[in-house]
Structures are given as C-alpha cells and as structure tokens.
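Okay, structure first, notes after.
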Amino acid sequence: MDNKIHNFSPHPSPLIKFGQINVNGLCSPVRQQHLLNFFLHSSFGALSINDTRLSPSNAKFIFKNEHFQHHFRSYWACSSSSRLHDGVGILLRNPLHKHVQTIDSWNGRLLKLDLFFHQTKISIISLYYPPSGSVHQSICNDLIAKLLSWLDHARTNDYFVIILGDFNIDEVAHFHYSSNHFKLLRLLSSRVFTDHQAHSSINGPDPTFYYANGSSRLDYIWSSPGFPAPALFSQVVACSNLLDRPFTDHKVLTTIFDFSSCFAILAKSRLKQKKEMRTIFSYTSTSTEQWNNFTAEVDDSLGVYLDRQYSSRLDFSSLSLDRMWHALKAAILSAAIETLPFQKVSNTHRHSYSPELTKLIAINKFLDRFLYRLTTHRSNRPTQIAQMTAALPSHLENLASLLPDYSVPTYSTTPVSAFKSFLRSQKNLVSAFLSTKFAQHLTDSVEYYTALRDEHFSNSLGTFIDSALSVEKCSIVLDRVLVVLDSTPTLLTDPSDIKQAAITHFQTIVSPPL
C-alpha cells in the first residue's frame, strides 16, 4: 500500500483512538511498513506496540523519514540483552506528539511518555509483562517495582496515567494459576484504575490472543481515576494480513478517548492578558423546547448555506466534504449559542462528582499522602506529620458518615509500625469502597448518556455532532488604525475607513513574486 496516494489529514480531532497490539517482531522492513500503513489508515492517535524485538541500532532510525510526512512520532524502548521476546514502542500522531515533554524507559519492557497540556499532565505507559513462569519471576518483580515508582511519582506530581500493554494475564483462562500471577491486575485495581474493555463490554471482554486450541484476553488499556479524557467505547479489531498471512497472533485492542477538555483549556498567558474563559453547554438542563429550537436553527442555517452555495441539492456527490463539514460545525455552534443554555468557566474547570464521591476521593488522597510521609526514605518532616495526625480523626469521622455500619476504630500513633498497619487497613477499606462507587458512578453515567443518545437519535439527529460545540469563534475588533497618508501619519477611527485600510493592508502586504 502506497501512503503517498492517500491524504492523511494533519488537522487534530479531540476524539483520539488509542490502540494496543503485540506485533510478534518488527525487525523486517516489510513488517515495519505494514504496521505503519495500519497505523495511518486506522486513524490511531496513539498505538502501543509490544514484542518489537528491535535492537537499539535498528530502532534508532525506524520511521524517521515518515515522521514529517504523516505528522506523527515514534518512540522505542529496546533491551540490550539477548532475550528474544522484548521491546516496546509508542506511535503518537498529531496533536498528541506535540505535547511530549519527557521520555523514560526500562529494559525493553516499559516505556513512558509524559505529555503536558495546560494545567493537565498525562503519562502514557506501554507495558510488556512476561508470561507466567519461574524463569521470568525476577523480571516480573522488577517490572512491577519500576511501574510502582512511576505511579507513585505520577500521584505525587498530579499526573494522570494511561497504561497500555500485553499483560500475559487472563483472569478467566488462567484461573488455576497462583495468586502471584495476577499481582499486576490487583495492583491497578487497588489504585482504582479503570479497565476500559471490561467496563464497556456488555457480554464480557473479547479475547485478544488466538492460538490453536483457543483464545485469551492478554491485552489491556487502563487509566487512572479522574482521567481528564473520558473513554467513549472499546473494541477489538483485527490487523490486516501481510502477504495473505496473519500479521500477528494478537488482535488490536482500541479505546476512543475524548480529549476536548485537554485541548480546549486555554493557555495561562491568554487568561492573564485577555481574561478569556471557556464556554460549556449545559446539556442536562436543556428543555425539550430548547432542543427543538436548536434543531430548527441548525436546519435553517444549513438550508441557507446550501441555497447560497449550490443551485441544486440533488447531486450531493458534487458537494465539498470539507466545506460541508465546516458549514455543519458553524451551524451547530451558532445555533447552540442562540438556543442552548451555556456558561463561561475558568481554565481549571473540571467535571464535578457527587459530594459523597468527592469526600471519598479526598479521604483516599489524604491516606495516600500520610502513608507516603511515614514510609518515604526521605528525611521525616515532623511538622507535616503532626498536622496530618491531627487531621486524621476528622477524615475518619467523614468516612464513618459515608460507610454504613462503620465506626471509627481505636488506634494509637505508637509504635509507628502498628500505626502504619492501621492506616493501610483504612486505606484498603476506602480504596475498595471507592472502587465500588466509581463503578456505580460510571455505570450511572453510561446509562444516562445512552438514554440521552437514544432520545436524540429519535428526536434530533443534529445533536449527535456535538464536538463542534466546544469551539468558539474568536475575532479581533479594530477600533482605531494608524496609517500613513501622503507621508503624514493619520489615525483612523471611522469603522468604514478602518475596514478599507485593513483590506488594503492585506492586499499589499505580500510582495509580488519575482
């Protein structure tokens, strides 16, 4: 497949497709080109790649010539050892790759990219966990220790985390394995991470690995609590064949995330200098009459556009898709501003949880910080520890008000080892309860928006295209212009004169070609 004959648009979309695939080796140039074609034509925003088997010298130049042409970047982690199965990579497309600030890797099994948005930091981690077996046990333990250090750093520095990888773990197919085999899954569950495929599957997650006698679910996509880009849905798709043979024995796990809030957050300079704010629309408080007015306004705007641009609407194949899409976005945005309730919000606005869930999150974070202060290898800070010890009873009282049949247990701050054991027991209790509440919150949200989607499908098809509602048209109003007329500086204040001066300026600012 020749990439040159296809138009891969560099224009960013807030809906980002994340993918995870085990490629069974990527040393051959033919396999590399096949993977690149699949990445581009499947419109991935981020693709985690496992089992590349690349050496550092091979990975150094892979896809370098294609980066600029197709607006993406590739990142690789290779092992210097002679192990056959290792190597991970991440392909990031525009606009995500522009936000990469730091890169970290570990032994060809872990690769981490830190992305900085305005007031939001996200770590993308690609992970390749060894299969079960005593020969891999030391690698598994070291990998989990390294991952824990990254997660602790993310929690301390307010990073959100998304983990993609081949875990070589299937809770159903591997039920007879020892409990140590599931240590990685238990770790992420204890930290209230979301398993997106399990969450979005109605009949259970689909397998991602196929072999002669069956199949297993080995590939996962997890995200940390409060991840700023909501996950819309997950699915398992097949990678196209290479020379009429399967490219890999794994299928591709994909999840679509909505990064609108990350991309829409304004820069600090614009907030400080221009006092700008974001516009959000209040869907939940919209009445039936307002939705009907919104639909009619969109239809009228599109009708006016079609009548003005095209003499006949019978042959829609002659319409420019780009221009029609731009007209649709403009119609939706203008109609929404005219008819739907909206509000201006600050740069730090986030979706709010229920008061009960907010309290649980605060208690969970407090216990995390307290345990970190007590167990860190850094020098102790007695003032901070004393302050947190004094605040502990109020947090336990809040927990008692939230948990049925829970009463604040008796505890002592000495000895420190017993106190830390007590805090860990409370932390495990809060984490389990918080996990249940998060699952219920996500279920309720999915049910609500599913019902809302069905209602809009029946009553207003235009409301499906709501991504344009986060876009606000910006303009500059010129109320005075200084020009030179007959070698004399002249200040123009009349709107018609200002308009004509602006037109003349942009007509003559570019020199004619030589």
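In the structure tokens, each chain is lettered A, B, ... as it comes, each chain's residues begin at 1, and ligands are numbered from 1 in order of appearance.
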Which residues of range 165-188 of chain A have any atom within 12 Å of an atom in range 421-438 of chain A when counting only C-alpha atoms, and what is the closest pair of atoms for each, with the distance in Å to one decimal? Order the rows by chain and rising number and write it as a Markdown table.
```
| residue | atom | partner | partner_atom | distance |
| --- | --- | --- | --- | --- |
| A:Arg186 | CA | A:Ala432 | CA | 11.5 |
| A:Leu187 | CA | A:Ser431 | CA | 11.5 |
| A:Leu188 | CA | A:Ser435 | CA | 11.0 |
```
Include N, CA and C atoms and write out the residues we just selected as an mmCIF file, in the first residue's frame.
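Final file, part-v9.cif:
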```cif
data_model
loop_
_atom_site.group_PDB
_atom_site.id
_atom_site.type_symbol
_atom_site.label_atom_id
_atom_site.label_comp_id
_atom_site.auth_asym_id
_atom_site.auth_seq_id
_atom_site.Cartn_x
_atom_site.Cartn_y
_atom_site.Cartn_z
ATOM 1 N N ARG A 186 -4.122 -6.843 40.257
ATOM 2 C CA ARG A 186 -4.549 -6.454 41.602
ATOM 3 C C ARG A 186 -3.986 -5.081 41.959
ATOM 4 N N LEU A 187 -2.753 -4.804 41.522
ATOM 5 C CA LEU A 187 -2.141 -3.512 41.796
ATOM 6 C C LEU A 187 -2.959 -2.379 41.183
ATOM 7 N N LEU A 188 -3.326 -2.514 39.918
ATOM 8 C CA LEU A 188 -4.070 -1.448 39.256
ATOM 9 C C LEU A 188 -5.477 -1.319 39.831
#
```
Residues of range 39-261 of chain A in strand (DSSP E or B) according to DSSP, as a ChimeraX atom specification?
/A:46-50,72-77,88-93,100-106,110-117,120-128,159-166,194-195,209-211,214-216,219-223,231-237,242,245,250,252-258
So that I can see what lies close to range 249-255 of chain A, please list as a PDB file with N, CA and C atoms, in the first residue's frame the residues with an atom at most 6 Å from it, counting only C-alpha atoms and leaving out residues fewer than 2 positions away in the same chain.
```
ATOM      1  N   LYS A  17      -8.081   7.887  19.168  1.00  0.00           N
ATOM      2  CA  LYS A  17      -8.132   6.426  19.255  1.00  0.00           C
ATOM      3  C   LYS A  17      -6.798   5.901  19.785  1.00  0.00           C
ATOM      4  N   PHE A  18      -6.865   5.214  20.931  1.00  0.00           N
ATOM      5  CA  PHE A  18      -5.704   4.547  21.500  1.00  0.00           C
ATOM      6  C   PHE A  18      -5.767   3.060  21.153  1.00  0.00           C
ATOM      7  N   GLY A  19      -4.630   2.487  20.805  1.00  0.00           N
ATOM      8  CA  GLY A  19      -4.588   1.079  20.436  1.00  0.00           C
ATOM      9  C   GLY A  19      -3.440   0.354  21.105  1.00  0.00           C
ATOM     10  N   GLN A  20      -3.599  -0.966  21.262  1.00  0.00           N
ATOM     11  CA  GLN A  20      -2.575  -1.827  21.855  1.00  0.00           C
ATOM     12  C   GLN A  20      -2.468  -3.087  21.010  1.00  0.00           C
ATOM     13  N   ILE A  21      -1.209  -3.433  20.607  1.00  0.00           N
ATOM     14  CA  ILE A  21      -1.004  -4.611  19.771  1.00  0.00           C
ATOM     15  C   ILE A  21       0.343  -5.243  20.083  1.00  0.00           C
ATOM     16  N   ASN A  22       0.388  -6.576  20.100  1.00  0.00           N
ATOM     17  CA  ASN A  22       1.623  -7.352  20.144  1.00  0.00           C
ATOM     18  C   ASN A  22       1.929  -7.748  18.702  1.00  0.00           C
ATOM     19  N   THR A 208      -8.016 -11.247  22.897  1.00  0.00           N
ATOM     20  CA  THR A 208      -7.094 -10.530  22.014  1.00  0.00           C
ATOM     21  C   THR A 208      -5.966 -11.410  21.502  1.00  0.00           C
ATOM     22  N   PHE A 209      -5.821 -12.614  22.047  1.00  0.00           N
ATOM     23  CA  PHE A 209      -4.755 -13.526  21.637  1.00  0.00           C
ATOM     24  C   PHE A 209      -5.371 -14.856  21.213  1.00  0.00           C
ATOM     25  N   TYR A 210      -4.970 -15.350  20.040  1.00  0.00           N
ATOM     26  CA  TYR A 210      -5.552 -16.575  19.486  1.00  0.00           C
ATOM     27  C   TYR A 210      -4.450 -17.605  19.237  1.00  0.00           C
ATOM     28  N   PHE A 233     -15.752   4.279  24.100  1.00  0.00           N
ATOM     29  CA  PHE A 233     -16.017   2.849  23.943  1.00  0.00           C
ATOM     30  C   PHE A 233     -14.720   2.137  23.598  1.00  0.00           C
ATOM     31  N   SER A 234     -14.711   0.811  23.787  1.00  0.00           N
ATOM     32  CA  SER A 234     -13.566  -0.037  23.440  1.00  0.00           C
ATOM     33  C   SER A 234     -14.027  -1.160  22.534  1.00  0.00           C
ATOM     34  N   GLN A 235     -13.138  -1.634  21.691  1.00  0.00           N
ATOM     35  CA  GLN A 235     -13.438  -2.777  20.841  1.00  0.00           C
ATOM     36  C   GLN A 235     -12.145  -3.468  20.428  1.00  0.00           C
ATOM     37  N   VAL A 236     -12.288  -4.703  19.986  1.00  0.00           N
ATOM     38  CA  VAL A 236     -11.158  -5.494  19.500  1.00  0.00           C
ATOM     39  C   VAL A 236     -11.303  -5.640  17.994  1.00  0.00           C
ATOM     40  N   VAL A 237     -10.251  -5.265  17.254  1.00  0.00           N
ATOM     41  CA  VAL A 237     -10.273  -5.341  15.792  1.00  0.00           C
ATOM     42  C   VAL A 237      -9.060  -6.131  15.333  1.00  0.00           C
ATOM     43  N   ALA A 238      -9.136  -6.649  14.134  1.00  0.00           N
ATOM     44  CA  ALA A 238      -8.040  -7.431  13.567  1.00  0.00           C
ATOM     45  C   ALA A 238      -7.117  -6.541  12.752  1.00  0.00           C
TER      46      ALA A 238
END
```
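Closest approach to Gln137 in chain A among A:His199, A:Arg53, A:His181, A:His99: A:His181, based on only C-alpha atoms.
Closest approach to Phe44 in chain A from the set A:Thr414, A:Ser79, A:Thr375, A:Asn94 is made by A:Asn94, with distances taken over only C-alpha atoms.
The spacing separating CA of Gly226 in chain A from CA of Ile337 in chain A amounts to 28.7 Å.
Of the listed residues (A:Asn24, A:Thr339, A:Gln384, A:Asn157), A:Asn157 comes nearest to Thr120 in chain A; the distances count only C-alpha atoms.
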Can you list, as a PyMOL selection string, all residues belonging to range 14-224 of chain A that DSSP tags as helix (DSSP H, G or I)?
chain A and resi 29-41+56-59+64-70+96-99+134-156+179-190+196-200
Would you mind listing, for every residue of range 98-124 of chain A within 10 Å of range 160-176 of chain A, the two atoms forming the shortest contact and the distance between them in Å to one decimal, using only C-alpha atoms, sorted by chain and ascending residue number, as a tab-separated table?
```
residue	atom	partner	partner_atom	distance
A:Arg109	CA	A:Gly165	CA	9.6
A:Leu110	CA	A:Gly165	CA	9.1
A:Leu111	CA	A:Ile163	CA	9.9
A:Lys112	CA	A:Ile163	CA	9.1
A:Leu113	CA	A:Val161	CA	10.0
A:Asp114	CA	A:Val161	CA	9.1
A:Leu115	CA	A:Phe160	CA	9.8
A:Thr120	CA	A:Phe160	CA	8.0
A:Lys121	CA	A:Phe160	CA	6.2
A:Ile122	CA	A:Phe160	CA	4.7
A:Ser123	CA	A:Val161	CA	4.8
A:Ile124	CA	A:Ile162	CA	5.1
```
Quick one: residues within 10 Å of Phe39 in chain A, only C-alpha atoms, excluding same-chain residues fewer than 3 positions away - as a ChimeraX atom specification?
/A:19,33-36,42-47,91-93,239
Could you write those residues out with C-alpha atoms, as an mmCIF file, in the first residue's frame?
```cif
data_model
loop_
_atom_site.group_PDB
_atom_site.id
_atom_site.type_symbol
_atom_site.label_atom_id
_atom_site.label_comp_id
_atom_site.auth_asym_id
_atom_site.auth_seq_id
_atom_site.Cartn_x
_atom_site.Cartn_y
_atom_site.Cartn_z
ATOM 1 C CA GLY A 19 -4.588 1.079 20.436
ATOM 2 C CA GLN A 33 5.856 -0.676 6.525
ATOM 3 C CA HIS A 34 2.794 -2.859 7.066
ATOM 4 C CA LEU A 35 2.441 -1.622 10.646
ATOM 5 C CA LEU A 36 2.820 1.989 9.526
ATOM 6 C CA SER A 42 -6.867 3.106 11.024
ATOM 7 C CA SER A 43 -6.638 6.717 12.269
ATOM 8 C CA PHE A 44 -4.876 5.908 15.522
ATOM 9 C CA GLY A 45 -3.867 8.814 17.713
ATOM 10 C CA ALA A 46 -1.703 6.576 19.890
ATOM 11 C CA LEU A 47 -0.616 2.976 19.333
ATOM 12 C CA LEU A 91 3.413 5.785 17.931
ATOM 13 C CA LEU A 92 1.841 9.204 18.576
ATOM 14 C CA ARG A 93 0.029 11.228 15.967
ATOM 15 C CA CYS A 239 -4.872 -6.139 11.972
#
```
In terms of the shortest atom-to-atom distance over only C-alpha atoms, which of A:Asp86, A:Glu289, A:Asp195, A:Asp300 is closest to Pro341 in chain A?
A:Glu289
